[in-house]
$ cat target_16.tsv   # TSV, C-alpha atoms
chain	number	residue	atom	x	y	z
C	1	MET	CA	107.66	105.22	88.42
C	2	ASN	CA	108.45	102.57	85.85
C	3	THR	CA	112.19	102.07	85.53
C	4	ARG	CA	111.95	99.20	83.09
C	5	GLY	CA	111.73	101.45	80.07
C	6	LEU	CA	109.05	102.07	77.49
C	7	ARG	CA	109.06	98.51	76.12
C	8	SER	CA	107.25	97.12	79.15
C	9	GLN	CA	104.62	99.86	78.99
C	10	LEU	CA	103.42	98.91	75.54
C	11	LYS	CA	100.26	96.90	75.19
C	12	ASP	CA	102.19	94.24	73.22
C	13	SER	CA	103.94	93.15	76.39
C	14	VAL	CA	100.69	91.91	77.91
C	15	PRO	CA	100.15	88.17	77.37
C	16	VAL	CA	96.37	88.59	77.67
C	17	THR	CA	94.61	88.05	74.34
C	18	GLY	CA	92.85	90.98	72.80
C	19	MET	CA	95.23	93.67	74.00
C	20	GLY	CA	97.71	93.80	71.13
C	21	PRO	CA	96.90	94.80	67.53
C	22	GLN	CA	94.02	92.70	66.26
C	23	VAL	CA	95.20	90.71	63.25
C	24	GLY	CA	92.61	89.03	61.07
C	25	ALA	CA	92.84	86.37	58.40
C	26	TYR	CA	95.35	88.08	56.07
C	27	GLY	CA	97.65	89.55	58.72
C	28	VAL	CA	96.11	93.03	58.63
C	29	GLN	CA	93.73	94.82	60.99
C	30	ASP	CA	90.35	93.06	60.95
C	31	THR	CA	88.23	96.19	60.49
C	32	LEU	CA	84.93	94.32	60.50
C	33	ARG	CA	85.43	92.86	63.91
C	34	SER	CA	87.60	95.35	65.81
C	35	GLY	CA	86.89	98.68	64.13
C	36	PHE	CA	89.33	101.25	62.82
C	37	SER	CA	92.86	101.18	64.16
C	38	SER	CA	95.32	103.83	65.21
C	39	VAL	CA	98.95	103.15	66.08
C	40	LYS	CA	98.84	105.19	69.28
C	41	ASN	CA	95.71	103.46	70.59
C	42	GLU	CA	97.19	100.05	70.02
C	43	LEU	CA	100.64	100.57	71.42
C	44	LEU	CA	100.29	102.90	74.40
C	45	PRO	CA	97.96	102.22	77.33
C	46	SER	CA	95.38	104.90	78.06
C	47	HIS	CA	95.80	104.74	81.84
C	48	VAL	CA	98.80	104.17	84.06
C	49	LEU	CA	97.18	101.15	85.70
C	50	GLU	CA	95.79	99.56	82.51
C	51	LEU	CA	98.61	97.05	82.02
C	52	SER	CA	98.93	96.38	85.73
C	53	GLU	CA	95.23	95.55	86.03
C	54	LYS	CA	95.19	93.40	82.88
C	55	ASN	CA	98.07	91.39	84.28
C	56	PHE	CA	96.84	91.29	87.84
C	57	GLN	CA	95.04	87.96	87.89
C	58	LEU	CA	97.80	86.31	85.83
C	59	ASN	CA	100.49	87.55	88.19
C	60	GLN	CA	98.56	86.45	91.26
C	61	ASP	CA	98.13	82.99	89.79
C	62	LYS	CA	101.81	82.77	88.80
C	63	MET	CA	102.86	83.75	92.30
C	64	ASN	CA	100.49	81.31	93.98
C	65	PHE	CA	101.45	78.43	91.70
C	66	SER	CA	105.15	78.99	92.17
C	67	THR	CA	104.75	79.13	95.96
C	68	LEU	CA	102.69	75.94	95.80
C	69	ARG	CA	105.32	74.27	93.67
C	70	ASN	CA	108.06	75.21	96.13
C	71	ILE	CA	106.12	73.93	99.12
C	72	GLN	CA	104.33	70.85	97.85
C	73	GLY	CA	106.13	69.89	94.67
C	74	LEU	CA	105.24	70.05	90.99
C	75	HIS	CA	102.16	67.86	91.23
C	76	ALA	CA	100.16	70.44	93.20
C	77	PRO	CA	100.03	73.30	90.64
C	78	LEU	CA	99.77	70.74	87.82
C	79	LYS	CA	96.66	69.12	89.29
C	80	LEU	CA	95.11	72.51	90.05
C	81	GLN	CA	95.71	73.81	86.55
C	82	MET	CA	94.19	70.67	85.10
C	83	GLU	CA	91.06	71.26	87.22
C	84	TYR	CA	90.92	74.92	86.17
C	85	ARG	CA	91.13	73.91	82.52
C	86	ALA	CA	88.30	71.42	82.94
C	87	ALA	CA	86.11	73.91	84.81
C	88	ARG	CA	86.75	76.63	82.24
C	89	GLN	CA	85.15	74.47	79.57
C	90	ILE	CA	81.79	74.47	81.36
C	91	GLN	CA	80.14	77.40	79.66
C	92	ARG	CA	77.20	78.37	77.48
C	93	LEU	CA	77.28	79.48	73.84
C	94	PRO	CA	79.60	82.44	73.15
C	95	PHE	CA	76.95	85.16	73.01
C	96	LEU	CA	75.27	84.11	76.28
C	97	GLN	CA	76.51	85.00	79.75
C	98	SER	CA	78.03	82.01	81.54
C	99	SER	CA	78.12	82.02	85.30
C	100	HIS	CA	81.55	80.33	85.56
C	101	LEU	CA	80.37	78.87	88.85
C	102	ALA	CA	82.74	75.90	88.92
C	103	LEU	CA	85.75	78.03	88.00
C	104	ASP	CA	84.86	80.65	90.61
C	105	THR	CA	84.47	78.06	93.34
C	106	LEU	CA	87.85	76.53	92.49
C	107	LYS	CA	89.57	79.90	92.47
C	108	GLY	CA	87.88	81.08	95.65
C	109	ASN	CA	86.13	83.98	93.92
C	110	ASP	CA	82.78	82.86	95.34
C	111	GLU	CA	83.82	84.24	98.74
C	112	SER	CA	84.88	87.71	97.67
C	113	ILE	CA	83.30	90.75	96.05
C	114	SER	CA	85.30	93.14	93.92
C	115	PHE	CA	84.79	95.80	91.27
C	116	GLU	CA	84.15	93.20	88.54
C	117	ASP	CA	81.03	92.11	90.41
C	118	ILE	CA	79.66	95.60	90.99
C	119	LEU	CA	80.52	97.52	87.84
C	120	ASN	CA	79.64	96.52	84.28
C	121	ASP	CA	76.69	94.26	85.05
C	122	PRO	CA	76.14	92.09	81.94
C	123	ALA	CA	72.37	92.40	82.43
C	124	GLN	CA	72.75	96.14	81.79
C	125	SER	CA	75.01	95.76	78.76
C	126	GLU	CA	73.87	97.86	75.79
C	127	MET	CA	75.41	95.65	73.12
C	128	MET	CA	74.92	92.05	72.24
C	129	GLY	CA	77.02	89.98	69.93
C	130	GLU	CA	75.38	88.68	66.77
C	131	PRO	CA	74.72	85.02	67.72
C	132	HIS	CA	75.39	83.37	64.34
C	133	ILE	CA	78.65	85.22	63.72
C	134	MET	CA	79.93	84.56	67.22
C	135	VAL	CA	79.25	80.84	67.07
C	136	GLU	CA	80.86	80.59	63.63
C	137	TYR	CA	83.89	82.53	64.89
C	138	LYS	CA	84.23	80.20	67.86
C	139	LEU	CA	83.98	77.09	65.73
C	140	GLY	CA	86.60	78.51	63.36
C	141	MET	CA	84.26	78.60	60.38
C	142	MET	CA	84.69	82.35	59.81
Q	1	LEU	CA	83.97	85.71	85.05
Q	2	ALA	CA	86.44	88.52	84.68
Q	3	THR	CA	87.71	88.65	81.09
Q	4	HIS	CA	84.63	89.89	79.25
Q	5	SER	CA	83.72	92.53	81.82
Q	6	LEU	CA	87.37	93.56	82.05
Q	7	PHE	CA	87.48	94.39	78.33
Q	8	LEU	CA	84.38	96.54	78.55
Q	9	THR	CA	85.73	98.25	81.68
Q	10	MET	CA	88.99	98.94	79.84
Q	11	PHE	CA	87.00	100.35	76.94
Q	12	LEU	CA	85.35	102.81	79.33
Q	13	VAL	CA	88.74	103.73	80.87
Q	14	PHE	CA	90.10	104.39	77.37
Q	15	ARG	CA	87.03	106.47	76.53
Q	16	ASN	CA	87.41	108.53	79.71
Q	17	ALA	CA	91.08	109.15	79.00
Q	18	VAL	CA	90.28	110.36	75.46
Q	19	LEU	CA	87.46	112.57	76.78
Q	20	GLU	CA	89.77	114.15	79.35
Q	21	THR	CA	92.18	115.29	76.64
Q	22	GLU	CA	89.56	116.29	74.07
Q	23	VAL	CA	87.07	118.09	76.31
Q	24	THR	CA	89.45	120.97	77.15
Q	25	LYS	CA	89.84	121.69	73.42
Q	26	VAL	CA	86.09	122.27	73.08
Q	27	GLY	CA	86.09	124.58	76.10
Q	28	CYS	CA	84.26	122.50	78.70
Q	29	ARG	CA	85.62	121.26	82.01
Q	30	MET	CA	85.61	117.74	83.41
Q	31	PRO	CA	83.30	117.49	86.46
Q	32	ALA	CA	85.28	117.87	89.69
Q	33	ALA	CA	85.22	114.94	92.09
Q	34	ARG	CA	83.49	115.69	95.36
Q	35	LYS	CA	86.12	115.57	98.12
Q	36	THR	CA	85.66	115.44	101.82
Q	37	GLY	CA	88.23	118.00	102.99
Q	38	THR	CA	87.86	116.61	106.42
Q	39	THR	CA	88.86	116.13	109.97
Q	40	ILE	CA	88.65	112.52	111.12
Q	41	VAL	CA	90.18	111.22	114.34
Q	42	GLY	CA	90.32	108.12	116.48
Q	43	VAL	CA	91.51	107.52	120.03
Q	44	VAL	CA	91.85	104.38	122.17
Q	45	PHE	CA	90.71	104.60	125.80
Q	46	LYS	CA	90.54	102.13	128.68
Q	47	ASP	CA	87.72	99.83	127.52
Q	48	GLY	CA	87.42	100.64	123.82
Q	49	LEU	CA	87.83	103.40	121.33
Q	50	VAL	CA	86.17	106.58	120.06
Q	51	LEU	CA	86.02	107.61	116.40
Q	52	GLY	CA	85.10	111.19	115.46
Q	53	ALA	CA	84.43	113.06	112.22
Q	54	ASP	CA	83.07	116.39	110.99
Q	55	THR	CA	80.20	116.47	108.47
Q	56	ARG	CA	81.16	118.78	105.61
Q	57	ALA	CA	81.65	117.59	102.00
Q	58	THR	CA	83.21	120.09	99.57
Q	59	GLU	CA	83.21	120.31	95.79
Q	60	GLY	CA	86.11	122.64	95.04
Q	61	MET	CA	85.32	125.82	96.95
Q	62	ILE	CA	81.63	125.07	97.53
Q	63	VAL	CA	80.11	123.10	100.37
Q	64	ALA	CA	78.32	120.25	98.62
Q	65	ASP	CA	76.82	118.57	101.68
Q	66	LYS	CA	76.41	120.24	105.08
Q	67	ASN	CA	75.62	117.04	106.91
Q	68	CYS	CA	77.25	114.03	105.32
Q	69	SER	CA	78.08	110.90	107.26
Q	70	LYS	CA	81.77	110.05	107.29
Q	71	ILE	CA	81.78	107.20	109.78
Q	72	HIS	CA	81.05	104.07	107.76
Q	73	TYR	CA	79.94	100.67	108.98
Q	74	ILE	CA	82.31	97.80	108.29
Q	75	SER	CA	81.03	95.13	110.66
Q	76	PRO	CA	79.07	95.13	113.96
Q	77	ASN	CA	82.30	95.69	115.89
Q	78	ILE	CA	84.33	97.68	113.35
Q	79	TYR	CA	83.72	101.19	112.00
Q	80	CYS	CA	85.78	103.28	109.58
Q	81	CYS	CA	86.05	107.06	109.04
Q	82	GLY	CA	86.91	108.16	105.51
Q	83	ALA	CA	88.67	111.26	104.14
Q	84	GLY	CA	89.53	112.07	100.52
Q	85	THR	CA	87.25	111.52	97.53
Q	86	ALA	CA	83.77	110.83	98.91
Q	87	ALA	CA	82.82	108.17	96.35
Q	88	ASP	CA	86.11	106.32	96.84
Q	89	THR	CA	85.76	106.10	100.62
Q	90	GLU	CA	82.10	105.09	100.35
Q	91	MET	CA	82.62	102.31	97.79
Q	92	THR	CA	85.86	101.04	99.33
Q	93	THR	CA	84.33	100.69	102.78
Q	94	GLN	CA	81.24	99.01	101.34
Q	95	ILE	CA	83.30	96.48	99.36
Q	96	ILE	CA	85.47	95.66	102.37
Q	97	SER	CA	82.38	95.40	104.56
Q	98	SER	CA	80.86	92.86	102.16
Q	99	ASN	CA	84.07	90.88	101.93
Q	100	LEU	CA	84.46	90.87	105.69
Q	101	GLU	CA	80.89	89.63	106.11
Q	102	LEU	CA	81.53	86.75	103.68
Q	103	HIS	CA	84.80	85.98	105.45
Q	104	SER	CA	83.18	86.01	108.87
Q	105	LEU	CA	80.41	83.68	107.66
Q	106	SER	CA	83.08	81.39	106.31
Q	107	THR	CA	85.15	81.33	109.53
Q	108	GLY	CA	82.13	81.47	111.86
Q	109	ARG	CA	83.81	84.10	114.07
Q	110	LEU	CA	83.53	87.83	114.70
Q	111	PRO	CA	85.83	89.60	112.23
Q	112	ARG	CA	89.08	91.11	113.45
Q	113	VAL	CA	90.26	94.66	112.82
Q	114	ALA	CA	93.59	93.38	111.47
Q	115	THR	CA	91.70	91.49	108.74
Q	116	ALA	CA	89.86	94.61	107.63
Q	117	ASN	CA	93.14	96.52	107.73
Q	118	ARG	CA	94.91	93.98	105.53
Q	119	MET	CA	92.07	93.84	103.02
Q	120	LEU	CA	92.00	97.62	102.75
Q	121	LYS	CA	95.76	98.05	102.38
Q	122	GLN	CA	96.03	95.33	99.75
Q	123	MET	CA	93.26	96.89	97.69
Q	124	LEU	CA	94.61	100.43	97.97
Q	125	PHE	CA	98.14	99.32	97.07
Q	126	ARG	CA	96.85	97.42	94.06
Q	127	TYR	CA	95.43	100.69	92.68
Q	128	GLN	CA	98.64	102.63	93.45
Q	129	GLY	CA	96.96	105.58	95.16
Q	130	HIS	CA	94.51	106.29	92.33
Q	131	ILE	CA	91.71	105.45	94.79
Q	132	GLY	CA	91.80	108.61	96.94
Q	133	ALA	CA	90.71	107.16	100.26
Q	134	ALA	CA	92.47	108.01	103.53
Q	135	LEU	CA	90.84	106.03	106.33
Q	136	VAL	CA	90.80	105.75	110.09
Q	137	LEU	CA	89.79	102.18	110.93
Q	138	GLY	CA	88.83	101.25	114.47
Q	139	GLY	CA	87.15	98.36	116.17
Q	140	MET	CA	86.91	96.02	119.09
Q	141	ASP	CA	87.65	92.31	118.72
Q	142	CYS	CA	88.77	89.36	120.82
Q	143	ASN	CA	92.21	90.94	121.35
Q	144	GLY	CA	90.95	94.31	122.56
Q	145	PRO	CA	90.56	97.71	120.87
Q	146	HIS	CA	92.59	98.43	117.71
Q	147	LEU	CA	93.04	101.66	115.75
Q	148	TYR	CA	94.66	101.94	112.32
Q	149	SER	CA	95.24	104.82	109.93
Q	150	ILE	CA	95.35	103.86	106.24
Q	151	TYR	CA	96.80	106.13	103.56
Q	152	PRO	CA	95.68	106.19	99.89
Q	153	HIS	CA	98.82	104.44	98.65
Q	154	GLY	CA	98.35	101.52	101.00
Q	155	SER	CA	100.58	102.18	104.01
Q	156	THR	CA	99.07	101.70	107.47
Q	157	ASP	CA	99.94	102.69	111.03
Q	158	LYS	CA	98.69	101.09	114.21
Q	159	LEU	CA	98.59	103.77	116.90
Q	160	PRO	CA	96.70	104.77	120.07
Q	161	TYR	CA	95.50	108.05	118.51
Q	162	VAL	CA	95.33	109.09	114.83
Q	163	THR	CA	94.02	111.98	112.74
Q	164	MET	CA	93.51	112.24	108.97
Q	165	GLY	CA	92.22	114.76	106.48
Q	166	SER	CA	92.86	118.43	105.83
Q	167	GLY	CA	92.12	119.32	109.46
Q	168	SER	CA	94.40	116.60	110.81
Q	169	LEU	CA	97.10	119.00	111.99
Q	170	ALA	CA	94.69	121.05	114.08
Q	171	ALA	CA	93.21	117.90	115.59
Q	172	MET	CA	96.61	116.32	116.22
Q	173	ALA	CA	97.70	119.43	118.11
Q	174	VAL	CA	94.80	118.87	120.55
Q	175	PHE	CA	95.67	115.18	120.90
Q	176	GLU	CA	99.36	115.78	121.48
Q	177	ASP	CA	98.48	118.25	124.22
Q	178	ARG	CA	95.87	116.26	126.15
Q	179	TYR	CA	96.12	112.54	125.33
Q	180	LYS	CA	96.74	110.19	128.27
Q	181	GLN	CA	96.83	106.41	128.34
Q	182	ASP	CA	93.81	104.54	129.78
Q	183	MET	CA	91.37	107.45	129.80
Q	184	GLU	CA	87.75	107.13	130.89
Q	185	GLU	CA	85.01	107.10	128.26
Q	186	GLU	CA	83.73	110.61	129.02
Q	187	ASP	CA	87.24	112.07	128.89
Q	188	ALA	CA	87.90	110.36	125.58
Q	189	LYS	CA	84.62	111.65	124.11
Q	190	ARG	CA	85.43	115.18	125.28
Q	191	LEU	CA	88.94	114.95	123.81
Q	192	VAL	CA	87.65	113.76	120.43
Q	193	ARG	CA	84.96	116.44	120.41
Q	194	ASP	CA	87.57	119.12	121.06
Q	195	ALA	CA	89.91	117.75	118.40
Q	196	ILE	CA	87.18	117.77	115.74
Q	197	ALA	CA	86.11	121.25	116.86
Q	198	ALA	CA	89.70	122.43	116.37
Q	199	GLY	CA	89.56	121.04	112.84
Q	200	ILE	CA	86.15	122.60	112.15
Q	201	PHE	CA	87.07	126.09	113.32
Q	202	ASN	CA	90.61	126.24	111.93
Q	203	ASP	CA	90.28	124.43	108.59
Q	204	LEU	CA	88.06	125.57	105.72
Q	205	GLY	CA	87.59	122.05	104.44
Q	206	SER	CA	85.89	120.87	107.64
Q	207	GLY	CA	82.71	122.18	109.20
Q	208	SER	CA	79.16	121.70	110.43
Q	209	ASN	CA	78.51	119.07	113.09
Q	210	ILE	CA	80.62	116.59	115.04
Q	211	ASP	CA	79.78	112.88	114.77
Q	212	LEU	CA	81.08	110.40	117.31
Q	213	CYS	CA	81.20	106.63	117.40
Q	214	VAL	CA	82.07	104.90	120.68
Q	215	ILE	CA	82.97	101.21	120.33
Q	216	THR	CA	83.27	99.05	123.44
Q	217	LYS	CA	82.91	95.34	124.04
Q	218	GLY	CA	79.39	94.39	122.99
Q	219	ARG	CA	78.17	97.99	122.51
Q	220	VAL	CA	78.46	100.59	119.76
Q	221	ASP	CA	77.14	104.15	120.29
Q	222	TYR	CA	76.77	105.96	116.99
Q	223	LEU	CA	76.16	109.57	118.10
Q	224	ARG	CA	75.07	111.54	115.08
Q	225	PRO	CA	75.16	114.45	115.72
Q	226	HIS	CA	77.02	114.52	118.97
Q	227	ASP	CA	77.52	118.27	118.86
Q	228	MET	CA	76.12	120.85	116.45
Q	229	ALA	CA	79.03	123.27	116.49
Q	230	ASN	CA	77.82	125.39	113.57
Q	231	LYS	CA	74.08	125.92	113.78
Q	232	LYS	CA	72.62	128.12	111.07
Q	233	GLY	CA	71.60	131.51	112.49
Q	234	VAL	CA	67.94	132.57	112.92
Q	235	ARG	CA	66.77	135.77	111.24
Q	236	THR	CA	65.79	138.30	113.88
Q	237	GLY	CA	63.52	140.49	111.73
Q	238	SER	CA	61.32	140.30	108.66
Q	239	TYR	CA	62.73	142.01	105.60
Q	240	LYS	CA	59.62	141.85	103.41
Q	241	TYR	CA	58.22	145.18	102.19
Q	242	LYS	CA	54.69	146.09	103.27
Q	243	ARG	CA	51.93	146.45	100.65
Q	244	GLY	CA	51.73	150.05	99.54
Q	245	THR	CA	55.46	150.82	100.01
Q	246	THR	CA	55.74	151.42	96.25
Q	247	GLY	CA	53.13	153.83	94.90
Q	248	VAL	CA	51.00	152.60	91.93
Q	249	LEU	CA	50.90	155.12	89.03
Q	250	THR	CA	48.64	153.42	86.45
Q	251	LYS	CA	46.73	150.14	86.20
Q	252	THR	CA	45.58	148.40	82.96
Q	253	VAL	CA	43.47	145.21	83.01
Q	254	THR	CA	43.35	142.97	79.86
Q	255	LYS	CA	40.78	140.17	79.83
Q	256	LEU	CA	41.88	136.89	78.19
Q	257	ASP	CA	38.96	135.35	76.25
Q	258	LEU	CA	39.19	131.61	76.68
Q	259	GLU	CA	36.44	129.58	74.97
Q	260	VAL	CA	35.81	125.90	75.56
Q	261	VAL	CA	36.62	124.11	72.28
Q	262	GLU	CA	36.16	120.47	73.17
Q	263	GLU	CA	35.17	118.58	76.27
Q	264	THR	CA	35.71	114.81	76.55
Q	265	ILE	CA	35.36	112.37	79.41
Q	266	GLN	CA	37.65	109.35	79.43
Q	267	THR	CA	36.64	106.60	81.85
Q	268	MET	CA	39.32	104.54	83.62
Q	269	ASP	CA	39.59	100.92	82.61
Q	270	THR	CA	39.10	99.25	85.95
Q	271	SER	CA	38.38	95.76	84.66
$ encode --input "target_16.tsv" --output "structure tokens"
Amino acid sequence: MNTRGLRSQLKDSVPVTGMGPQVGAYGVQDTLRSGFSSVKNELLPSHVLELSEKNFQLNQDKMNFSTLRNIQGLHAPLKLQMEYRAARQIQRLPFLQSSHLALDTLKGNDESISFEDILNDPAQSEMMGEPHIMVEYKLGMM
Amino acid sequence: LATHSLFLTMFLVFRNAVLETEVTKVGCRMPAARKTGTTIVGVVFKDGLVLGADTRATEGMIVADKNCSKIHYISPNIYCCGAGTAADTEMTTQIISSNLELHSLSTGRLPRVATANRMLKQMLFRYQGHIGAALVLGGMDCNGPHLYSIYPHGSTDKLPYVTMGSGSLAAMAVFEDRYKQDMEEEDAKRLVRDAIAAGIFNDLGSGSNIDLCVITKGRVDYLRPHDMANKKGVRTGSYKYKRGTTGVLTKTVTKLDLEVVEETIQTMDTS
């Protein structure tokens, strides 16, 4: 029961990267990297909960940070976000699986188990990114 | 941790959604989820509580499992009965059990039933009822016995006696008639047994045996099966035909000539 109209149900409204239409170097669909495109696939979500789940962690963080700001003042969320940013940079090369241990410990994810930990085990993934391309993409050389 | 696996999970969700629409055009049907059309109940008595469940799992109109276990372990002092989609109840209770174990290791105390209740309702509300799990959660903690019923959309009720599942009305009728406050353990067990039996005999979605779980301070009795209400009948006679019942008219014997073409011996490599 979404009373906010169709606009909020489009994938464009999600601030998470990778959900909207994939634009490449010249402003058109980057077919090499993200495959063929279809307007319906890009605009409408394929499940009622898709947008809600994409946004979930962001909304939780927003809520927690704003509560923290109201209770303890601006410095508290600011310091925490600075620590998150630093911890997020501790990772391996793009095509390898990083454990994100520091980030998980800061966020408290080391003390909970959810569907992300059970389903879609990266050790059982059938695809692997091409190492050279991925590193070049990350460094902005592509 | 989450972003990469989230994209691949979303890819699978998108693929499933496309399959659901396309598969009917080809003429096939999507596999039906196995439900537990069920009767599950819980009742609080003087020193603890009793949880009860039937043992039938249905797949549409067919009985998929005649003796499935619907009372799931959450923690040494908390157990949970599950009705609805069998996989959903199983996985949800296992996830909450793991989270509760981590939480209890972190606090260093025995987990409370209210904690399990809150974890379950927050998860079920997050998925807006798409996880089809209706649960009866009961346990004994430092504040006494507690019994909760949790609906798939995330609402909960804390009550002295609850029933869930397709046979809940039949079971609730028995409870409303005979429930009294501060019963003895044997009375409570008999009441639960009768309530589940009402569900088994009056609801097609419930059947087979009655499982009971009695939780008191420091002791959990998991009685499986407590009562075999629907034992399979024993055949009274043999229906096999005797040799010679059908007369033989003609008999032709054809010999198959098999000749040995090649014979090899392969020794095992035991080095």
$ closest_atom_pairs --input "target_16.tsv" --of "chain C" --to "chain Q" --cutoff "7 Å" --atoms "all atoms listed in the file" --output "Markdown table"
| residue | atom | partner | partner_atom | distance |
| --- | --- | --- | --- | --- |
| C:Ser46 | CA | Q:Phe14 | CA | 5.3 |
| C:Ser99 | CA | Q:Leu1 | CA | 6.9 |
| C:His100 | CA | Q:Leu1 | CA | 5.9 |
| C:Glu111 | CA | Q:Leu102 | CA | 6.0 |
| C:Ser112 | CA | Q:Asn99 | CA | 5.4 |
| C:Ile113 | CA | Q:Asn99 | CA | 5.9 |
| C:Ser114 | CA | Q:Ile95 | CA | 6.7 |
| C:Glu116 | CA | Q:Ala2 | CA | 6.5 |
| C:Asn120 | CA | Q:Ser5 | CA | 6.2 |
$ atom_distance --input "target_16.tsv" --atom1 "atom CA of C:Leu103" --atom2 "atom CA of C:Tyr84"
6.3 Å
$ closest_residue --input "target_16.tsv" --among "Q:Tyr222, Q:Phe175, Q:Phe125, Q:Tyr161" --to "Q:Pro76" --atoms "all atoms listed in the file"
Q:Tyr222
$ atom_distance --input "target_16.tsv" --atom1 "atom CA of Q:Gln122" --atom2 "atom CA of C:Arg88"
27.2 Å
$ atom_distance --input "target_16.tsv" --atom1 "atom CA of Q:Val63" --atom2 "atom CA of Q:Ala134"
19.8 Å
$ residues_near_point --input "target_16.tsv" --point "(92.6, 103.0, 131.2)" --cutoff "7 Å" --atoms "all atoms listed in the file" --output "PyMOL selection string"
chain Q and resi 45-47+181-184
$ residues_near_point --input "target_16.tsv" --point "(91.0, 96.7, 117.6)" --cutoff "9 Å" --atoms "all atoms listed in the file" --output "ChimeraX atom specification"
/Q:44,48-49,77-78,112-114,137-148
$ residues_around --input "target_16.tsv" --residues "stretch 77-79 of chain C" --least-positions-apart "2" --cutoff "10 Å" --atoms "all atoms listed in the file" --output "list in words"
Asp61, Lys62, Asn64, Phe65, Ser66, Thr67, Leu68, Arg69, Asn70, Gln72, Gly73, Leu74, His75, Gln81, Met82, Glu83, Tyr84 and Arg85 of chain C
$ decode --input "target_16.tsv" --residues "stretch 104-134 of chain C" --atoms "C-alpha atoms" --output "compact mmCIF listing (two decimals), in the first residue's frame"
# COMPACT_ATOMS: atom_id res chain seq x y z
CA ASP C 104 31.46 -5.01 10.65
CA THR C 105 32.83 -4.64 14.15
CA LEU C 106 32.12 -0.90 14.13
CA LYS C 107 28.59 -1.40 12.86
CA GLY C 108 27.86 -4.26 15.24
CA ASN C 109 27.29 -6.76 12.43
CA ASP C 110 29.77 -9.17 14.02
CA GLU C 111 27.15 -10.05 16.65
CA SER C 112 24.25 -10.83 14.35
CA ILE C 113 23.45 -13.30 11.59
CA SER C 114 21.06 -12.47 8.79
CA PHE C 115 20.18 -13.61 5.28
CA GLU C 116 23.26 -11.92 3.77
CA ASP C 117 25.45 -14.29 5.77
CA ILE C 118 23.55 -17.45 4.87
CA LEU C 119 22.51 -16.97 1.26
CA ASN C 120 24.80 -16.13 -1.65
CA ASP C 121 28.06 -17.42 -0.19
CA PRO C 122 30.88 -15.80 -2.22
CA ALA C 123 32.83 -19.07 -2.06
CA GLN C 124 30.03 -20.66 -4.11
CA SER C 125 29.78 -17.83 -6.64
CA GLU C 126 29.78 -19.07 -10.24
CA MET C 127 31.21 -15.91 -11.75
CA MET C 128 34.42 -14.07 -11.16
CA GLY C 129 35.30 -10.64 -12.37
CA GLU C 130 38.17 -10.34 -14.84
CA PRO C 131 41.01 -9.10 -12.56
CA HIS C 132 42.77 -6.73 -14.98
CA ILE C 133 39.57 -5.01 -16.13
CA MET C 134 38.28 -4.61 -12.60
